[in-house]
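A.B. asks: Sharing a structure here in structure tokens format.
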Amino acid sequence: MIKTTLSFLLLILSLQIFAQTKSKISLEVSYGLQGNFFVRSYNENGRPDGTAFLNKSFIGSISGIELKFQATKMASWNFGYAQSSNTKRIGYSTIINGLGLSINDFDIKHENRFYQLFYQRNFSKKTPNFKYEFGIFYLRSQQQEIIIGNIIDISQRNFANSKLEEGGLSAGLQYSKKIDTKFDIGIRSRIYYLVSTNTLETITLTPTLTYHF
């Protein structure tokens with residue numbers, strides 16, 4: 001009887017703790033625009049190995065999902081994943097050793113996959129809708145490249161075959177507003193800086209939708 005009573009009390013206590021923790025958890029999704037500085041950094045002109053298609057468009061898209069834990073009334077910890085994409089459409093034709101080569105409306109792509117942790121805080125108690133944040137991230141990339149010369153090299157480089165990985169710091173601003181008891185809508189901007197290469201990587205502008213459990 002004592003064991004049963006204790007088990008029942010522990011169950012009630014666990015449910016209460018879970019309910020309190022659950023109320024501090026929210027899930028946020030985002031989708032919008034990003035500008036990638038790296039994808040315009042290749043030198044395609046005057047290459048000794050021939051004609052190269054390496055650069056992609058600066059403007060691309062980014063989508064993400066984050067789990068937020070409200071640590072205090074003013075601050076939260078955000079754990080998330082985001083994926084960005086930048087493309088370039090190629091049109092090209094040439095003759096190599098008597099053979100014609102044509103690339104017609106073909107897209108090459110650069111993808112970034114961000115694994116990230118952010119600390120987010122309200123600017124003040126009077127303006128809880130405005131937040132700032134600082135974070136760290138781990139990045140893996142996948143990039144498509146075409147080089148046409150003595151050989152035709154069409155490559156897709158990534159972590160698996162080329163160990164493409166970086167690490168960095170990020171900072172951002174967000175404005176959000178409740179639309180009912182469960183949902184917030186907002187807009188957020190972030191900037192990503194690669195510490196491993198000492199270069200600016202990406203800047204983003206994304207609408208957000210947050211669900212509070």
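Starting from 1 in every chain, residues are counted up; chains themselves are A, B, ... following the order of the structure tokens, and ligands are numbered from 1 as listed.
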Near Tyr119 of chain A, counting only C-alpha atoms, which residues have an atom at most 9 Å away, once you skip same-chain residues fewer than 6 positions from it, shown as a list of chain:residue names?

C.D. replies: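 Neighbouring residues, sequence-local ones excluded: A:Ala75, A:Ser76, A:Trp77, A:Asn78, A:Tyr132, A:Glu133, A:Phe134, A:Gly135.
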
A.B. asks: Just to be explicit: take each residue in the selection above, keep N, CA and C atoms, and write the result as a PDB file, in the first residue's frame.

C.D. replies:
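What ended up in out_2.pdb:
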```pdb
ATOM      1  N   ALA A  75      14.404  35.569 -21.237  1.00  0.00           N
ATOM      2  CA  ALA A  75      15.372  34.904 -22.113  1.00  0.00           C
ATOM      3  C   ALA A  75      14.983  33.467 -22.424  1.00  0.00           C
ATOM      4  N   SER A  76      15.474  32.979 -23.552  1.00  0.00           N
ATOM      5  CA  SER A  76      15.238  31.594 -23.955  1.00  0.00           C
ATOM      6  C   SER A  76      16.482  31.042 -24.643  1.00  0.00           C
ATOM      7  N   TRP A  77      16.545  29.702 -24.688  1.00  0.00           N
ATOM      8  CA  TRP A  77      17.562  28.987 -25.449  1.00  0.00           C
ATOM      9  C   TRP A  77      16.891  28.341 -26.655  1.00  0.00           C
ATOM     10  N   ASN A  78      17.493  28.514 -27.821  1.00  0.00           N
ATOM     11  CA  ASN A  78      16.917  28.007 -29.062  1.00  0.00           C
ATOM     12  C   ASN A  78      17.874  26.992 -29.708  1.00  0.00           C
ATOM     13  N   TYR A 132      16.844  40.242 -29.139  1.00  0.00           N
ATOM     14  CA  TYR A 132      18.151  40.085 -29.771  1.00  0.00           C
ATOM     15  C   TYR A 132      18.701  38.721 -29.400  1.00  0.00           C
ATOM     16  N   GLU A 133      19.658  38.241 -30.172  1.00  0.00           N
ATOM     17  CA  GLU A 133      20.157  36.891 -29.937  1.00  0.00           C
ATOM     18  C   GLU A 133      21.611  36.755 -30.400  1.00  0.00           C
ATOM     19  N   PHE A 134      22.320  35.838 -29.735  1.00  0.00           N
ATOM     20  CA  PHE A 134      23.677  35.473 -30.107  1.00  0.00           C
ATOM     21  C   PHE A 134      23.759  33.955 -30.098  1.00  0.00           C
ATOM     22  N   GLY A 135      24.544  33.414 -31.033  1.00  0.00           N
ATOM     23  CA  GLY A 135      24.604  31.969 -31.097  1.00  0.00           C
ATOM     24  C   GLY A 135      25.875  31.433 -31.719  1.00  0.00           C
TER      25      GLY A 135
END
```

A.B. asks: Considering only C-alpha atoms, return as a PyMOL selection string whatever protein or nucleic-acid residues lie within 10 Å of Lys109 of chain A, sequence-local ones (same chain, fewer than 4 positions apart) excluded.

C.D. replies: chain A and resi 39+54-57+85-89+142-145+156

A.B. asks: Using only C-alpha atoms for the distances, tell me which of A:Asn198, A:Asn122, A:Ser141, A:Gln116 is nearest to Ser170 of chain A.

C.D. replies: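 With only C-alpha atoms as the atom set, the closest residue is A:Gln116.
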
A.B. asks: When you draw a straight line from atom CA of Ser30 of chain A to atom CA of Arg157 of chain A, how long is it in Å?

C.D. replies: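 For atom CA of Ser30 of chain A relative to atom CA of Arg157 of chain A, the distance reads 26.8 Å.
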
A.B. asks: One decimal, in Å: what's the spacing between atom CA of Leu27 of chain A and atom CA of Ile185 of chain A?

C.D. replies: 11.9 Å

A.B. asks: Skip Thr127 of chain A itself and residues of its chain fewer than 2 positions away, then list as a ChimeraX atom specification all residues within 12 Å of it, counting only C-alpha atoms.

C.D. replies: /A:74,121-125,129-132,174-177

A.B. asks: Now that the selection is made, can you save its residues with C-alpha atoms as an mmCIF file, in the first residue's frame?

C.D. replies:
```cif
data_model
loop_
_atom_site.group_PDB
_atom_site.id
_atom_site.type_symbol
_atom_site.label_atom_id
_atom_site.label_comp_id
_atom_site.auth_asym_id
_atom_site.auth_seq_id
_atom_site.Cartn_x
_atom_site.Cartn_y
_atom_site.Cartn_z
ATOM 1 C CA MET A 74 13.249 37.576 -20.408
ATOM 2 C CA ARG A 121 16.601 37.824 -24.879
ATOM 3 C CA ASN A 122 14.000 40.594 -24.813
ATOM 4 C CA PHE A 123 15.414 44.101 -25.182
ATOM 5 C CA SER A 124 13.478 45.161 -22.079
ATOM 6 C CA LYS A 125 10.384 44.364 -20.023
ATOM 7 C CA ASN A 129 8.128 41.800 -28.710
ATOM 8 C CA PHE A 130 11.645 42.912 -29.685
ATOM 9 C CA LYS A 131 14.444 40.406 -29.093
ATOM 10 C CA TYR A 132 18.151 40.085 -29.771
ATOM 11 C CA GLN A 174 13.511 39.399 -34.048
ATOM 12 C CA TYR A 175 10.126 41.039 -33.730
ATOM 13 C CA SER A 176 7.157 38.820 -32.883
ATOM 14 C CA LYS A 177 3.539 39.310 -31.892
#
```

A.B. asks: Run DSSP on the backbone and grab whatever in segment 26-100 of chain A lands in strand (DSSP E or B); send it over as a PyMOL selection string.

C.D. replies: chain A and resi 26-36+51-53+59-70+75-96+99-100

A.B. asks: Return the single residue from A:Ala160, A:Ile147, A:Ile59, A:Ala71 that is closest to His110 of chain A, with distances computed using only C-alpha atoms.

C.D. replies: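 Of A:Ala160, A:Ile147, A:Ile59, A:Ala71, the one nearest His110 of chain A, counting only C-alpha atoms, is A:Ile59.
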
A.B. asks: Go through segment 9-182 of chain A and collect every residue that DSSP, computed from the backbone, puts in helix (DSSP H, G or I); the answer should be as a PyMOL selection string.

C.D. replies: chain A and resi 9-22+38-40+159-162

A.B. asks: Selected residues, C-alpha atoms, written as a short mmCIF file (atom, residue, chain, number, x, y, z; two decimals), in the first residue's frame, please.

C.D. replies:
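Okay, this is what ended up in part13.cif:
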```cif
data_model
loop_
_atom_site.label_atom_id
_atom_site.label_comp_id
_atom_site.auth_asym_id
_atom_site.auth_seq_id
_atom_site.Cartn_x
_atom_site.Cartn_y
_atom_site.Cartn_z
CA LEU A 9 2.55 10.59 -5.71
CA LEU A 10 5.67 10.33 -7.89
CA LEU A 11 3.47 10.03 -10.98
CA ILE A 12 1.47 13.12 -10.02
CA LEU A 13 4.69 15.05 -9.30
CA SER A 14 6.21 13.98 -12.64
CA LEU A 15 3.10 15.07 -14.52
CA GLN A 16 3.15 18.45 -12.78
CA ILE A 17 6.84 18.97 -13.59
CA PHE A 18 6.26 17.93 -17.20
CA ALA A 19 3.31 20.28 -17.54
CA GLN A 20 5.35 23.18 -16.15
CA THR A 21 8.27 22.39 -18.45
CA LYS A 22 6.01 21.87 -21.42
CA PHE A 38 30.71 32.83 -50.26
CA VAL A 39 28.88 31.75 -53.44
CA ARG A 40 30.15 34.88 -55.27
CA PHE A 159 31.21 16.58 -46.28
CA ALA A 160 31.18 12.93 -47.34
CA ASN A 161 33.63 13.32 -50.23
CA SER A 162 35.45 16.61 -49.47
#
```

A.B. asks: Using only C-alpha atoms, which residue out of A:Asn112, A:Ser102, A:Thr210, A:Ser189 lies closest to Gly32 of chain A?

C.D. replies: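 Checking each of A:Asn112, A:Ser102, A:Thr210, A:Ser189 against Gly32 of chain A, counting only C-alpha atoms, the winner is A:Ser189.
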
A.B. asks: Can you pull out every residue within 7 Å of Arg140 of chain A, counting only C-alpha atoms, but drop anything in the same chain fewer than 4 positions away, and send it as a ChimeraX atom specification?

C.D. replies: /A:112-114,159,164-166

A.B. asks: Write out, as a PDB file, in the first residue's frame, the residues just selected, with all heavy atoms.

C.D. replies:
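That gives us out.pdb:
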```
ATOM      1  N   ASN A 112      23.708  25.095 -47.821  1.00  0.00           N
ATOM      2  CA  ASN A 112      24.290  25.142 -46.475  1.00  0.00           C
ATOM      3  C   ASN A 112      23.322  24.506 -45.487  1.00  0.00           C
ATOM      4  O   ASN A 112      22.111  24.765 -45.545  1.00  0.00           O
ATOM      5  CB  ASN A 112      24.566  26.576 -46.028  1.00  0.00           C
ATOM      6  CG  ASN A 112      25.864  27.120 -46.592  1.00  0.00           C
ATOM      7  OD1 ASN A 112      26.727  26.364 -47.033  1.00  0.00           O
ATOM      8  ND2 ASN A 112      26.018  28.427 -46.584  1.00  0.00           N
ATOM      9  N   ARG A 113      23.859  23.718 -44.572  1.00  0.00           N
ATOM     10  CA  ARG A 113      23.057  23.119 -43.511  1.00  0.00           C
ATOM     11  C   ARG A 113      23.618  23.587 -42.169  1.00  0.00           C
ATOM     12  O   ARG A 113      24.743  23.248 -41.812  1.00  0.00           O
ATOM     13  CB  ARG A 113      23.068  21.598 -43.625  1.00  0.00           C
ATOM     14  CG  ARG A 113      22.457  21.092 -44.929  1.00  0.00           C
ATOM     15  CD  ARG A 113      22.574  19.579 -45.074  1.00  0.00           C
ATOM     16  NE  ARG A 113      21.864  19.104 -46.250  1.00  0.00           N
ATOM     17  CZ  ARG A 113      22.408  18.982 -47.457  1.00  0.00           C
ATOM     18  NH1 ARG A 113      23.682  19.290 -47.624  1.00  0.00           N
ATOM     19  NH2 ARG A 113      21.703  18.539 -48.481  1.00  0.00           N
ATOM     20  N   PHE A 114      22.812  24.381 -41.452  1.00  0.00           N
ATOM     21  CA  PHE A 114      23.232  24.985 -40.189  1.00  0.00           C
ATOM     22  C   PHE A 114      22.652  24.196 -39.009  1.00  0.00           C
ATOM     23  O   PHE A 114      21.436  24.010 -38.917  1.00  0.00           O
ATOM     24  CB  PHE A 114      22.736  26.428 -40.079  1.00  0.00           C
ATOM     25  CG  PHE A 114      23.243  27.360 -41.133  1.00  0.00           C
ATOM     26  CD1 PHE A 114      22.553  27.508 -42.331  1.00  0.00           C
ATOM     27  CD2 PHE A 114      24.390  28.109 -40.934  1.00  0.00           C
ATOM     28  CE1 PHE A 114      22.997  28.381 -43.307  1.00  0.00           C
ATOM     29  CE2 PHE A 114      24.852  28.983 -41.894  1.00  0.00           C
ATOM     30  CZ  PHE A 114      24.156  29.122 -43.087  1.00  0.00           C
ATOM     31  N   PHE A 159      30.426  17.077 -47.413  1.00  0.00           N
ATOM     32  CA  PHE A 159      31.207  16.577 -46.281  1.00  0.00           C
ATOM     33  C   PHE A 159      31.693  15.157 -46.529  1.00  0.00           C
ATOM     34  O   PHE A 159      32.826  14.810 -46.194  1.00  0.00           O
ATOM     35  CB  PHE A 159      30.383  16.617 -45.000  1.00  0.00           C
ATOM     36  CG  PHE A 159      31.105  16.042 -43.804  1.00  0.00           C
ATOM     37  CD1 PHE A 159      32.053  16.798 -43.128  1.00  0.00           C
ATOM     38  CD2 PHE A 159      30.849  14.753 -43.377  1.00  0.00           C
ATOM     39  CE1 PHE A 159      32.740  16.264 -42.043  1.00  0.00           C
ATOM     40  CE2 PHE A 159      31.524  14.215 -42.282  1.00  0.00           C
ATOM     41  CZ  PHE A 159      32.474  14.969 -41.619  1.00  0.00           C
ATOM     42  N   LEU A 164      33.636  19.124 -46.289  1.00  0.00           N
ATOM     43  CA  LEU A 164      33.234  20.527 -46.238  1.00  0.00           C
ATOM     44  C   LEU A 164      32.466  20.785 -44.944  1.00  0.00           C
ATOM     45  O   LEU A 164      31.300  20.411 -44.802  1.00  0.00           O
ATOM     46  CB  LEU A 164      32.364  20.885 -47.451  1.00  0.00           C
ATOM     47  CG  LEU A 164      33.012  20.743 -48.826  1.00  0.00           C
ATOM     48  CD1 LEU A 164      32.066  21.259 -49.908  1.00  0.00           C
ATOM     49  CD2 LEU A 164      34.336  21.492 -48.885  1.00  0.00           C
ATOM     50  N   GLU A 165      33.111  21.424 -43.986  1.00  0.00           N
ATOM     51  CA  GLU A 165      32.505  21.754 -42.709  1.00  0.00           C
ATOM     52  C   GLU A 165      33.177  22.998 -42.152  1.00  0.00           C
ATOM     53  O   GLU A 165      34.369  23.233 -42.375  1.00  0.00           O
ATOM     54  CB  GLU A 165      32.608  20.597 -41.716  1.00  0.00           C
ATOM     55  CG  GLU A 165      34.034  20.184 -41.396  1.00  0.00           C
ATOM     56  CD  GLU A 165      34.123  19.090 -40.354  1.00  0.00           C
ATOM     57  OE1 GLU A 165      33.117  18.807 -39.677  1.00  0.00           O
ATOM     58  OE2 GLU A 165      35.223  18.511 -40.207  1.00  0.00           O
ATOM     59  N   GLU A 166      32.405  23.807 -41.446  1.00  0.00           N
ATOM     60  CA  GLU A 166      32.909  25.037 -40.841  1.00  0.00           C
ATOM     61  C   GLU A 166      32.184  25.271 -39.517  1.00  0.00           C
ATOM     62  O   GLU A 166      31.168  24.625 -39.227  1.00  0.00           O
ATOM     63  CB  GLU A 166      32.685  26.245 -41.757  1.00  0.00           C
ATOM     64  CG  GLU A 166      33.246  26.119 -43.158  1.00  0.00           C
ATOM     65  CD  GLU A 166      34.762  26.138 -43.229  1.00  0.00           C
ATOM     66  OE1 GLU A 166      35.403  26.459 -42.208  1.00  0.00           O
ATOM     67  OE2 GLU A 166      35.308  25.830 -44.306  1.00  0.00           O
TER      68      GLU A 166
END
```

A.B. asks: Any idea what the distance is between atom CA of Ile103 of chain A and atom CA of Gly91 of chain A?

C.D. replies: 5.4 Å
